[in-house]
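Trainee: Structure file structure_5.txt (compact mmCIF, N, CA, C and O atoms) right here:
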```txt
# COMPACT_ATOMS: atom_id res chain seq x y z
N MET J 152 172.58 81.41 30.16
CA MET J 152 171.70 82.45 30.62
C MET J 152 172.08 83.74 29.90
O MET J 152 173.25 84.03 29.71
N HIS J 153 171.07 84.51 29.52
CA HIS J 153 171.32 85.77 28.82
C HIS J 153 171.15 86.96 29.75
O HIS J 153 170.34 86.92 30.68
N PHE J 154 171.91 88.02 29.44
CA PHE J 154 171.88 89.23 30.24
C PHE J 154 171.90 90.44 29.32
O PHE J 154 172.50 90.41 28.24
N ILE J 155 171.26 91.51 29.77
CA ILE J 155 171.32 92.80 29.09
C ILE J 155 172.16 93.72 29.97
O ILE J 155 171.96 93.78 31.19
N VAL J 156 173.09 94.42 29.35
CA VAL J 156 173.92 95.41 30.03
C VAL J 156 173.50 96.78 29.52
O VAL J 156 173.51 97.03 28.32
N PHE J 157 173.12 97.66 30.44
CA PHE J 157 172.83 99.06 30.13
C PHE J 157 173.89 99.88 30.86
O PHE J 157 173.96 99.83 32.08
N ALA J 158 174.70 100.60 30.13
CA ALA J 158 175.74 101.43 30.76
C ALA J 158 175.64 102.85 30.23
O ALA J 158 175.40 103.06 29.04
N THR J 159 175.84 103.80 31.11
CA THR J 159 175.85 105.22 30.74
C THR J 159 177.25 105.77 31.01
O THR J 159 177.82 105.53 32.07
N HIS J 160 177.78 106.48 30.01
CA HIS J 160 179.10 107.08 30.17
C HIS J 160 179.00 108.41 30.92
O HIS J 160 178.02 109.13 30.80
N LYS J 161 180.05 108.72 31.66
CA LYS J 161 180.17 110.04 32.27
C LYS J 161 180.41 111.05 31.16
O LYS J 161 181.25 110.83 30.28
N GLY J 162 179.67 112.15 31.18
CA GLY J 162 179.79 113.17 30.14
C GLY J 162 181.19 113.71 29.99
O GLY J 162 181.66 113.97 28.87
N GLU J 163 181.90 113.86 31.10
CA GLU J 163 183.23 114.45 31.05
C GLU J 163 184.30 113.47 30.57
O GLU J 163 185.46 113.84 30.41
N MET J 164 183.91 112.20 30.32
CA MET J 164 184.87 111.18 29.92
C MET J 164 184.84 110.91 28.41
O MET J 164 185.34 109.89 27.94
N GLY J 165 184.28 111.82 27.63
CA GLY J 165 184.15 111.61 26.19
C GLY J 165 185.47 111.35 25.49
O GLY J 165 185.56 110.44 24.66
N GLN J 166 186.50 112.11 25.80
CA GLN J 166 187.81 111.91 25.17
C GLN J 166 188.38 110.55 25.54
O GLN J 166 188.94 109.86 24.69
N GLU J 167 188.25 110.17 26.80
CA GLU J 167 188.77 108.88 27.26
C GLU J 167 187.99 107.74 26.60
O GLU J 167 188.56 106.74 26.18
N ARG J 168 186.68 107.89 26.51
CA ARG J 168 185.86 106.87 25.85
C ARG J 168 186.30 106.70 24.40
O ARG J 168 186.47 105.58 23.92
N MET J 169 186.51 107.80 23.71
CA MET J 169 186.95 107.73 22.32
C MET J 169 188.33 107.07 22.20
O MET J 169 188.56 106.26 21.31
N ARG J 170 189.21 107.40 23.13
CA ARG J 170 190.55 106.81 23.13
C ARG J 170 190.49 105.29 23.30
O ARG J 170 191.29 104.55 22.72
N LEU J 171 189.53 104.82 24.08
CA LEU J 171 189.43 103.40 24.39
C LEU J 171 188.48 102.62 23.48
O LEU J 171 188.31 101.42 23.64
N SER J 172 187.88 103.30 22.53
CA SER J 172 186.86 102.68 21.69
C SER J 172 187.36 101.42 20.98
O SER J 172 186.70 100.38 21.00
N ASP J 173 188.53 101.48 20.37
CA ASP J 173 189.06 100.30 19.67
C ASP J 173 189.39 99.17 20.64
O ASP J 173 189.12 98.00 20.35
N ALA J 174 189.95 99.51 21.78
CA ALA J 174 190.28 98.49 22.78
C ALA J 174 189.01 97.83 23.31
O ALA J 174 188.97 96.61 23.52
N PHE J 175 187.96 98.62 23.50
CA PHE J 175 186.69 98.05 23.97
C PHE J 175 186.10 97.12 22.91
O PHE J 175 185.65 96.02 23.23
N GLY J 176 186.13 97.54 21.65
CA GLY J 176 185.64 96.68 20.57
C GLY J 176 186.41 95.37 20.50
O GLY J 176 185.81 94.30 20.34
N ALA J 177 187.72 95.44 20.62
CA ALA J 177 188.53 94.22 20.61
C ALA J 177 188.19 93.33 21.79
O ALA J 177 188.11 92.10 21.66
N TYR J 178 187.97 93.93 22.95
CA TYR J 178 187.60 93.18 24.16
C TYR J 178 186.29 92.42 23.94
O TYR J 178 186.17 91.26 24.33
N LEU J 179 185.32 93.06 23.31
CA LEU J 179 184.03 92.40 23.08
C LEU J 179 184.17 91.20 22.16
O LEU J 179 183.43 90.23 22.31
N HIS J 180 185.09 91.26 21.21
CA HIS J 180 185.23 90.19 20.23
C HIS J 180 186.18 89.08 20.67
O HIS J 180 186.13 87.99 20.12
N ASP J 181 187.05 89.35 21.63
CA ASP J 181 188.02 88.33 22.04
C ASP J 181 188.47 88.57 23.47
O ASP J 181 189.53 89.13 23.70
N SER J 182 187.65 88.15 24.40
CA SER J 182 188.02 88.32 25.80
C SER J 182 188.53 86.99 26.36
O SER J 182 187.76 86.18 26.88
N ALA J 183 189.81 86.78 26.22
CA ALA J 183 190.43 85.53 26.69
C ALA J 183 190.24 85.32 28.20
O ALA J 183 190.20 84.19 28.67
N ARG J 184 190.10 86.42 28.94
CA ARG J 184 189.91 86.30 30.39
C ARG J 184 188.53 85.79 30.76
O ARG J 184 188.31 85.39 31.89
N HIS J 185 187.60 85.83 29.80
CA HIS J 185 186.22 85.41 30.07
C HIS J 185 185.72 84.52 28.94
O HIS J 185 184.77 84.86 28.23
N PRO J 186 186.33 83.33 28.78
CA PRO J 186 185.93 82.46 27.66
C PRO J 186 184.51 81.93 27.79
O PRO J 186 183.94 81.45 26.80
N ASP J 187 183.91 82.03 28.96
CA ASP J 187 182.56 81.54 29.18
C ASP J 187 181.49 82.60 28.89
O ASP J 187 180.30 82.35 29.05
N VAL J 188 181.91 83.79 28.44
CA VAL J 188 180.97 84.87 28.12
C VAL J 188 180.99 85.12 26.62
O VAL J 188 182.05 85.25 26.02
N THR J 189 179.80 85.17 26.03
CA THR J 189 179.64 85.46 24.61
C THR J 189 178.85 86.75 24.46
O THR J 189 177.81 86.91 25.10
N VAL J 190 179.34 87.65 23.63
CA VAL J 190 178.61 88.88 23.33
C VAL J 190 177.83 88.64 22.04
O VAL J 190 178.43 88.41 20.98
N HIS J 191 176.51 88.66 22.13
CA HIS J 191 175.67 88.42 20.96
C HIS J 191 175.37 89.70 20.19
O HIS J 191 175.33 89.69 18.97
N HIS J 192 175.11 90.77 20.90
CA HIS J 192 174.79 92.06 20.27
C HIS J 192 175.35 93.17 21.13
O HIS J 192 175.52 93.01 22.34
N GLY J 193 175.61 94.30 20.51
CA GLY J 193 176.06 95.45 21.28
C GLY J 193 176.05 96.69 20.43
O GLY J 193 176.11 96.61 19.19
N GLY J 194 175.94 97.81 21.08
CA GLY J 194 175.99 99.07 20.37
C GLY J 194 175.88 100.24 21.31
O GLY J 194 175.59 100.09 22.50
N GLN J 195 176.16 101.40 20.75
CA GLN J 195 176.14 102.63 21.53
C GLN J 195 174.72 103.16 21.67
O GLN J 195 173.90 103.03 20.75
N THR J 196 174.44 103.76 22.79
CA THR J 196 173.22 104.54 22.94
C THR J 196 173.58 105.99 22.64
O THR J 196 174.73 106.41 22.86
N LEU J 197 172.61 106.73 22.13
CA LEU J 197 172.86 108.09 21.68
C LEU J 197 171.93 109.08 22.37
O LEU J 197 170.86 108.70 22.86
N SER J 198 172.33 110.33 22.35
CA SER J 198 171.49 111.41 22.86
C SER J 198 170.24 111.52 21.98
O SER J 198 170.17 110.93 20.90
N GLU J 199 169.27 112.29 22.44
CA GLU J 199 168.03 112.46 21.68
C GLU J 199 168.28 113.01 20.29
O GLU J 199 167.55 112.70 19.35
N SER J 200 169.33 113.80 20.11
CA SER J 200 169.65 114.34 18.78
C SER J 200 170.30 113.28 17.89
O SER J 200 170.41 113.47 16.69
N GLY J 201 170.76 112.18 18.51
CA GLY J 201 171.43 111.13 17.75
C GLY J 201 172.87 111.44 17.42
O GLY J 201 173.49 110.72 16.65
N GLU J 202 173.41 112.50 18.01
CA GLU J 202 174.75 112.95 17.64
C GLU J 202 175.81 112.69 18.71
O GLU J 202 177.00 112.79 18.42
N THR J 203 175.40 112.37 19.92
CA THR J 203 176.36 112.19 21.01
C THR J 203 176.19 110.81 21.62
O THR J 203 175.08 110.39 21.93
N VAL J 204 177.30 110.10 21.80
CA VAL J 204 177.27 108.80 22.45
C VAL J 204 177.04 109.02 23.94
O VAL J 204 177.73 109.81 24.58
N THR J 205 176.04 108.32 24.49
CA THR J 205 175.73 108.45 25.92
C THR J 205 176.06 107.20 26.72
O THR J 205 176.17 107.25 27.93
N GLY J 206 176.18 106.07 26.04
CA GLY J 206 176.44 104.82 26.75
C GLY J 206 176.42 103.66 25.79
O GLY J 206 176.71 103.81 24.60
N LEU J 207 176.02 102.49 26.30
CA LEU J 207 175.99 101.30 25.47
C LEU J 207 174.99 100.29 26.02
O LEU J 207 174.58 100.36 27.18
N VAL J 208 174.62 99.38 25.13
CA VAL J 208 173.77 98.24 25.47
C VAL J 208 174.45 97.00 24.92
O VAL J 208 174.94 97.01 23.78
N LEU J 209 174.52 95.95 25.72
CA LEU J 209 175.08 94.67 25.29
C LEU J 209 174.10 93.55 25.60
O LEU J 209 173.39 93.62 26.61
N VAL J 210 174.09 92.53 24.76
CA VAL J 210 173.39 91.28 25.06
C VAL J 210 174.48 90.23 25.23
O VAL J 210 175.23 89.95 24.30
N LEU J 211 174.56 89.69 26.44
CA LEU J 211 175.58 88.70 26.78
C LEU J 211 174.96 87.35 27.06
O LEU J 211 173.83 87.27 27.56
N GLU J 212 175.73 86.31 26.84
CA GLU J 212 175.40 84.98 27.34
C GLU J 212 176.51 84.61 28.30
O GLU J 212 177.70 84.67 27.95
N ALA J 213 176.14 84.27 29.52
CA ALA J 213 177.12 83.96 30.56
C ALA J 213 176.52 82.91 31.50
O ALA J 213 175.30 82.79 31.60
N PRO J 214 177.37 82.17 32.20
CA PRO J 214 176.85 81.14 33.09
C PRO J 214 176.14 81.68 34.34
O PRO J 214 175.38 80.95 34.97
N SER J 215 176.40 82.94 34.67
CA SER J 215 175.81 83.50 35.89
C SER J 215 175.87 85.02 35.84
O SER J 215 176.62 85.60 35.04
N LEU J 216 175.11 85.64 36.73
CA LEU J 216 175.18 87.09 36.86
C LEU J 216 176.58 87.52 37.29
O LEU J 216 177.11 88.51 36.79
N ASP J 217 177.20 86.77 38.19
CA ASP J 217 178.56 87.11 38.62
C ASP J 217 179.53 87.12 37.44
O ASP J 217 180.39 88.00 37.35
N ALA J 218 179.41 86.16 36.54
CA ALA J 218 180.28 86.10 35.36
C ALA J 218 180.04 87.30 34.45
O ALA J 218 180.99 87.89 33.93
N ALA J 219 178.78 87.68 34.26
CA ALA J 219 178.46 88.85 33.44
C ALA J 219 179.02 90.11 34.08
O ALA J 219 179.58 90.98 33.40
N GLN J 220 178.87 90.24 35.39
CA GLN J 220 179.39 91.41 36.10
C GLN J 220 180.91 91.49 35.99
O GLN J 220 181.47 92.57 35.79
N ALA J 221 181.58 90.36 36.11
CA ALA J 221 183.04 90.34 36.01
C ALA J 221 183.50 90.74 34.61
O ALA J 221 184.47 91.48 34.45
N PHE J 222 182.77 90.27 33.60
CA PHE J 222 183.09 90.63 32.22
C PHE J 222 183.02 92.14 32.02
O PHE J 222 183.92 92.75 31.45
N VAL J 223 181.94 92.74 32.48
CA VAL J 223 181.77 94.19 32.33
C VAL J 223 182.83 94.94 33.14
O VAL J 223 183.44 95.89 32.66
N ALA J 224 183.08 94.49 34.35
CA ALA J 224 184.06 95.16 35.23
C ALA J 224 185.47 95.12 34.66
O ALA J 224 186.26 96.04 34.89
N ASP J 225 185.80 94.08 33.89
CA ASP J 225 187.14 93.96 33.32
C ASP J 225 187.29 94.68 31.99
O ASP J 225 188.38 94.73 31.42
N SER J 226 186.21 95.26 31.48
CA SER J 226 186.27 95.94 30.18
C SER J 226 187.13 97.20 30.27
O SER J 226 187.27 97.80 31.34
N PRO J 227 187.72 97.60 29.15
CA PRO J 227 188.54 98.83 29.16
C PRO J 227 187.76 100.05 29.64
O PRO J 227 188.33 100.89 30.35
N TYR J 228 186.49 100.18 29.29
CA TYR J 228 185.71 101.33 29.74
C TYR J 228 185.55 101.32 31.25
O TYR J 228 185.73 102.35 31.91
N ALA J 229 185.17 100.18 31.80
CA ALA J 229 184.97 100.11 33.25
C ALA J 229 186.29 100.34 33.99
O ALA J 229 186.34 101.05 35.00
N GLN J 230 187.36 99.74 33.49
CA GLN J 230 188.67 99.89 34.13
C GLN J 230 189.12 101.35 34.14
O GLN J 230 189.79 101.78 35.08
N ALA J 231 188.75 102.11 33.12
CA ALA J 231 189.14 103.52 33.04
C ALA J 231 188.16 104.44 33.76
O ALA J 231 188.39 105.64 33.86
N GLY J 232 187.06 103.88 34.26
CA GLY J 232 186.10 104.69 35.00
C GLY J 232 185.20 105.55 34.13
O GLY J 232 184.72 106.59 34.58
N THR J 233 184.94 105.12 32.89
CA THR J 233 184.10 105.95 32.02
C THR J 233 182.61 105.80 32.29
O THR J 233 181.83 106.64 31.86
N PHE J 234 182.22 104.74 33.00
CA PHE J 234 180.79 104.53 33.26
C PHE J 234 180.32 105.36 34.44
O PHE J 234 180.88 105.29 35.54
N ALA J 235 179.25 106.12 34.23
CA ALA J 235 178.57 106.79 35.34
C ALA J 235 177.76 105.76 36.11
O ALA J 235 177.66 105.82 37.33
N GLU J 236 177.17 104.83 35.36
CA GLU J 236 176.42 103.73 35.97
C GLU J 236 176.30 102.61 34.96
O GLU J 236 176.41 102.81 33.75
N SER J 237 176.11 101.41 35.48
CA SER J 237 175.83 100.27 34.62
C SER J 237 174.90 99.34 35.37
O SER J 237 174.97 99.22 36.59
N HIS J 238 174.03 98.72 34.60
CA HIS J 238 173.06 97.78 35.16
C HIS J 238 173.10 96.52 34.31
O HIS J 238 173.13 96.61 33.08
N ILE J 239 173.10 95.39 34.97
CA ILE J 239 173.09 94.11 34.27
C ILE J 239 171.88 93.35 34.77
O ILE J 239 171.71 93.14 35.98
N ARG J 240 171.04 92.93 33.82
CA ARG J 240 169.80 92.24 34.18
C ARG J 240 169.69 90.92 33.42
O ARG J 240 169.99 90.87 32.22
N PRO J 241 169.25 89.86 34.09
CA PRO J 241 168.93 88.63 33.36
C PRO J 241 167.83 88.94 32.34
O PRO J 241 166.97 89.79 32.59
N TRP J 242 167.89 88.24 31.22
CA TRP J 242 166.97 88.54 30.14
C TRP J 242 166.42 87.26 29.55
O TRP J 242 167.18 86.33 29.24
N ASN J 243 165.12 87.19 29.39
CA ASN J 243 164.46 86.06 28.76
C ASN J 243 164.29 86.38 27.28
O ASN J 243 163.32 87.02 26.88
N TRP J 244 165.23 85.94 26.46
CA TRP J 244 165.28 86.27 25.04
C TRP J 244 164.21 85.47 24.30
O TRP J 244 164.29 84.26 24.19
N LEU J 245 163.19 86.16 23.77
CA LEU J 245 162.07 85.48 23.12
C LEU J 245 162.10 85.54 21.60
O LEU J 245 161.76 84.56 20.94
N THR J 246 162.47 86.65 21.00
CA THR J 246 162.45 86.76 19.55
C THR J 246 163.79 87.23 19.01
O THR J 246 164.55 87.92 19.71
N GLY J 247 164.09 86.85 17.78
CA GLY J 247 165.32 87.27 17.14
C GLY J 247 166.56 86.60 17.69
O GLY J 247 167.67 87.04 17.44
N ARG J 248 166.38 85.51 18.40
CA ARG J 248 167.49 84.82 19.03
C ARG J 248 168.31 84.06 17.99
O ARG J 248 167.74 83.38 17.14
N PRO J 249 169.65 84.15 18.05
CA PRO J 249 170.48 83.42 17.07
C PRO J 249 170.40 81.91 17.29
O PRO J 249 170.12 81.45 18.40
N GLY J 250 170.67 81.18 16.25
CA GLY J 250 170.74 79.72 16.34
C GLY J 250 169.41 79.10 16.30
O GLY J 250 169.03 78.05 16.34
```
Just dump the structure as structure tokens.
Mentor:
Amino acid sequence: MHFIVFATHKGEMGQERMRLSDAFGAYLHDSARHPDVTVHHGGQTLSESGETVTGLVLVLEAPSLDAAQAFVADSPYAQAGTFAESHIRPWNWLTGRPG
């Protein structure tokens, strides 16, 4: 099952987000705690000017919504409290799907 993650960072957590950027990237590529979750796509969302990181979007494959939620909750960003909000939605992937 595929899921889309929409997360918005707290504005005041910019320094912390930057500090954790490498750890978050490593987590997305090798999360031993969640071997049943695959990250297919991901990237930062930006302000209207395109100059400030405001959050992120991920496309995950996971066995359940609970597994997707656990994956996001265990991420370095979530653990440090950088998210103002995050939403995880099941997604019916129709075009551009790998494989």
Trainee: Which residue out of J:Ser226, J:Glu236, J:Ala218, J:Leu207 has the minimum interatomic distance to His192 in chain J when only C-alpha atoms are used?
Mentor: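 Using only C-alpha atoms, His192 in chain J sits closest to J:Leu207.
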Trainee: Measuring atom to atom with only C-alpha atoms, identify which of J:Asp173, J:Glu199, J:Glu212, J:Glu167 is nearest to Gln230 in chain J.
Mentor: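 Of J:Asp173, J:Glu199, J:Glu212, J:Glu167, the one nearest Gln230 in chain J, counting only C-alpha atoms, is J:Glu167.
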Trainee: Enumerate the residues of range 183-237 of chain J with a DSSP assignment of alpha helix (DSSP H), computed from the backbone, and present them as a PyMOL selection string.
Mentor: chain J and resi 216-224+227-231
Trainee: Okay, now the selection with N, CA, C and O atoms, as a PDB file, in the coordinates of the input?
Mentor:
```pdb
ATOM      1  N   LEU J 216     175.110  85.640  36.730  1.00  0.00           N
ATOM      2  CA  LEU J 216     175.180  87.090  36.860  1.00  0.00           C
ATOM      3  C   LEU J 216     176.580  87.520  37.290  1.00  0.00           C
ATOM      4  O   LEU J 216     177.110  88.510  36.790  1.00  0.00           O
ATOM      5  N   ASP J 217     177.200  86.770  38.190  1.00  0.00           N
ATOM      6  CA  ASP J 217     178.560  87.110  38.620  1.00  0.00           C
ATOM      7  C   ASP J 217     179.530  87.120  37.440  1.00  0.00           C
ATOM      8  O   ASP J 217     180.390  88.000  37.350  1.00  0.00           O
ATOM      9  N   ALA J 218     179.410  86.160  36.540  1.00  0.00           N
ATOM     10  CA  ALA J 218     180.280  86.100  35.360  1.00  0.00           C
ATOM     11  C   ALA J 218     180.040  87.300  34.450  1.00  0.00           C
ATOM     12  O   ALA J 218     180.990  87.890  33.930  1.00  0.00           O
ATOM     13  N   ALA J 219     178.780  87.680  34.260  1.00  0.00           N
ATOM     14  CA  ALA J 219     178.460  88.850  33.440  1.00  0.00           C
ATOM     15  C   ALA J 219     179.020  90.110  34.080  1.00  0.00           C
ATOM     16  O   ALA J 219     179.580  90.980  33.400  1.00  0.00           O
ATOM     17  N   GLN J 220     178.870  90.240  35.390  1.00  0.00           N
ATOM     18  CA  GLN J 220     179.390  91.410  36.100  1.00  0.00           C
ATOM     19  C   GLN J 220     180.910  91.490  35.990  1.00  0.00           C
ATOM     20  O   GLN J 220     181.470  92.570  35.790  1.00  0.00           O
ATOM     21  N   ALA J 221     181.580  90.360  36.110  1.00  0.00           N
ATOM     22  CA  ALA J 221     183.040  90.340  36.010  1.00  0.00           C
ATOM     23  C   ALA J 221     183.500  90.740  34.610  1.00  0.00           C
ATOM     24  O   ALA J 221     184.470  91.480  34.450  1.00  0.00           O
ATOM     25  N   PHE J 222     182.770  90.270  33.600  1.00  0.00           N
ATOM     26  CA  PHE J 222     183.090  90.630  32.220  1.00  0.00           C
ATOM     27  C   PHE J 222     183.020  92.140  32.020  1.00  0.00           C
ATOM     28  O   PHE J 222     183.920  92.750  31.450  1.00  0.00           O
ATOM     29  N   VAL J 223     181.940  92.740  32.480  1.00  0.00           N
ATOM     30  CA  VAL J 223     181.770  94.190  32.330  1.00  0.00           C
ATOM     31  C   VAL J 223     182.830  94.940  33.140  1.00  0.00           C
ATOM     32  O   VAL J 223     183.440  95.890  32.660  1.00  0.00           O
ATOM     33  N   ALA J 224     183.080  94.490  34.350  1.00  0.00           N
ATOM     34  CA  ALA J 224     184.060  95.160  35.230  1.00  0.00           C
ATOM     35  C   ALA J 224     185.470  95.120  34.660  1.00  0.00           C
ATOM     36  O   ALA J 224     186.260  96.040  34.890  1.00  0.00           O
ATOM     37  N   PRO J 227     187.720  97.600  29.150  1.00  0.00           N
ATOM     38  CA  PRO J 227     188.540  98.830  29.160  1.00  0.00           C
ATOM     39  C   PRO J 227     187.760 100.050  29.640  1.00  0.00           C
ATOM     40  O   PRO J 227     188.330 100.890  30.350  1.00  0.00           O
ATOM     41  N   TYR J 228     186.490 100.180  29.290  1.00  0.00           N
ATOM     42  CA  TYR J 228     185.710 101.330  29.740  1.00  0.00           C
ATOM     43  C   TYR J 228     185.550 101.320  31.250  1.00  0.00           C
ATOM     44  O   TYR J 228     185.730 102.350  31.910  1.00  0.00           O
ATOM     45  N   ALA J 229     185.170 100.180  31.800  1.00  0.00           N
ATOM     46  CA  ALA J 229     184.970 100.110  33.250  1.00  0.00           C
ATOM     47  C   ALA J 229     186.290 100.340  33.990  1.00  0.00           C
ATOM     48  O   ALA J 229     186.340 101.050  35.000  1.00  0.00           O
ATOM     49  N   GLN J 230     187.360  99.740  33.490  1.00  0.00           N
ATOM     50  CA  GLN J 230     188.670  99.890  34.130  1.00  0.00           C
ATOM     51  C   GLN J 230     189.120 101.350  34.140  1.00  0.00           C
ATOM     52  O   GLN J 230     189.790 101.780  35.080  1.00  0.00           O
ATOM     53  N   ALA J 231     188.750 102.110  33.120  1.00  0.00           N
ATOM     54  CA  ALA J 231     189.140 103.520  33.040  1.00  0.00           C
ATOM     55  C   ALA J 231     188.160 104.440  33.760  1.00  0.00           C
ATOM     56  O   ALA J 231     188.390 105.640  33.860  1.00  0.00           O
TER      57      ALA J 231
END
```
Trainee: What is the distance between atom O of Ala158 in chain J and atom O of Ser182 in chain J, in Å to one decimal?
Mentor: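 One can read the atom O of Ala158 in chain J to atom O of Ser182 in chain J distance as 21.0 Å.
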Trainee: Which residue gives the smallest distance to Thr233 in chain J among J:Ala177, J:Arg184, J:Thr205, J:Val210, with only C-alpha atoms counted?
Mentor: J:Thr205
Trainee: Measuring between only C-alpha atoms, which one of J:His191, J:His160, J:Arg170, J:Arg248 shows the shortest distance to Thr203 in chain J?
Mentor: J:His160
Trainee: Which one of J:Met169, J:Leu211, J:Ile155, J:Ala229 sits closest to Asp187 in chain J if you count only N, CA, C and O atoms?
Mentor: J:Leu211
Trainee: Can you report as lines of an AutoDock Vina configuration file the centre and edge lengths in Å, to one decimal, of an axis-aligned box around the listed atoms of range 178-187 of chain J padded with 8 Å on each side?
Mentor:
```
center_x = 185.4
center_y = 87.7
center_z = 26.0
size_x = 26.1
size_y = 28.5
size_z = 27.8
```
Trainee: Near range 238-241 of chain J, counting only N, CA, C and O atoms, which residues have an atom at most 7 Å away, once you skip same-chain residues fewer than 2 positions from it, shown as a list in words?
Mentor: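 Neighbouring residues, sequence-local ones excluded: Met152, His153, Phe154, Ile155, Val156, Phe157, Ala158, Thr159, Glu236 and Asn243 of chain J.
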Trainee: In Å to one decimal, how far is CA of Gly201 in chain J from CA of Trp244 in chain J?
Mentor: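 Going from CA of Trp244 in chain J over to CA of Gly201 in chain J covers 26.6 Å.
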Trainee: With distances taken over only C-alpha atoms, which residue among J:Ser215, J:Thr189, J:Gln195, J:Thr246 lies nearest Ser172 in chain J?
Mentor: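 Closest residue, counting only C-alpha atoms: J:Gln195.
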Trainee: In Å, with one decimal, what is the gap from CA of Val188 in chain J to atom N of Gly165 in chain J?
Mentor: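 So the two atoms, CA of Val188 in chain J and atom N of Gly165 in chain J, lie 27.2 Å apart.
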Trainee: List every residue of range 162-216 of chain J that DSSP, applied to the backbone of this structure, assigns to strand (DSSP E or B), and report them as number ranges by chain.
Mentor: J: 189-197, 204-212
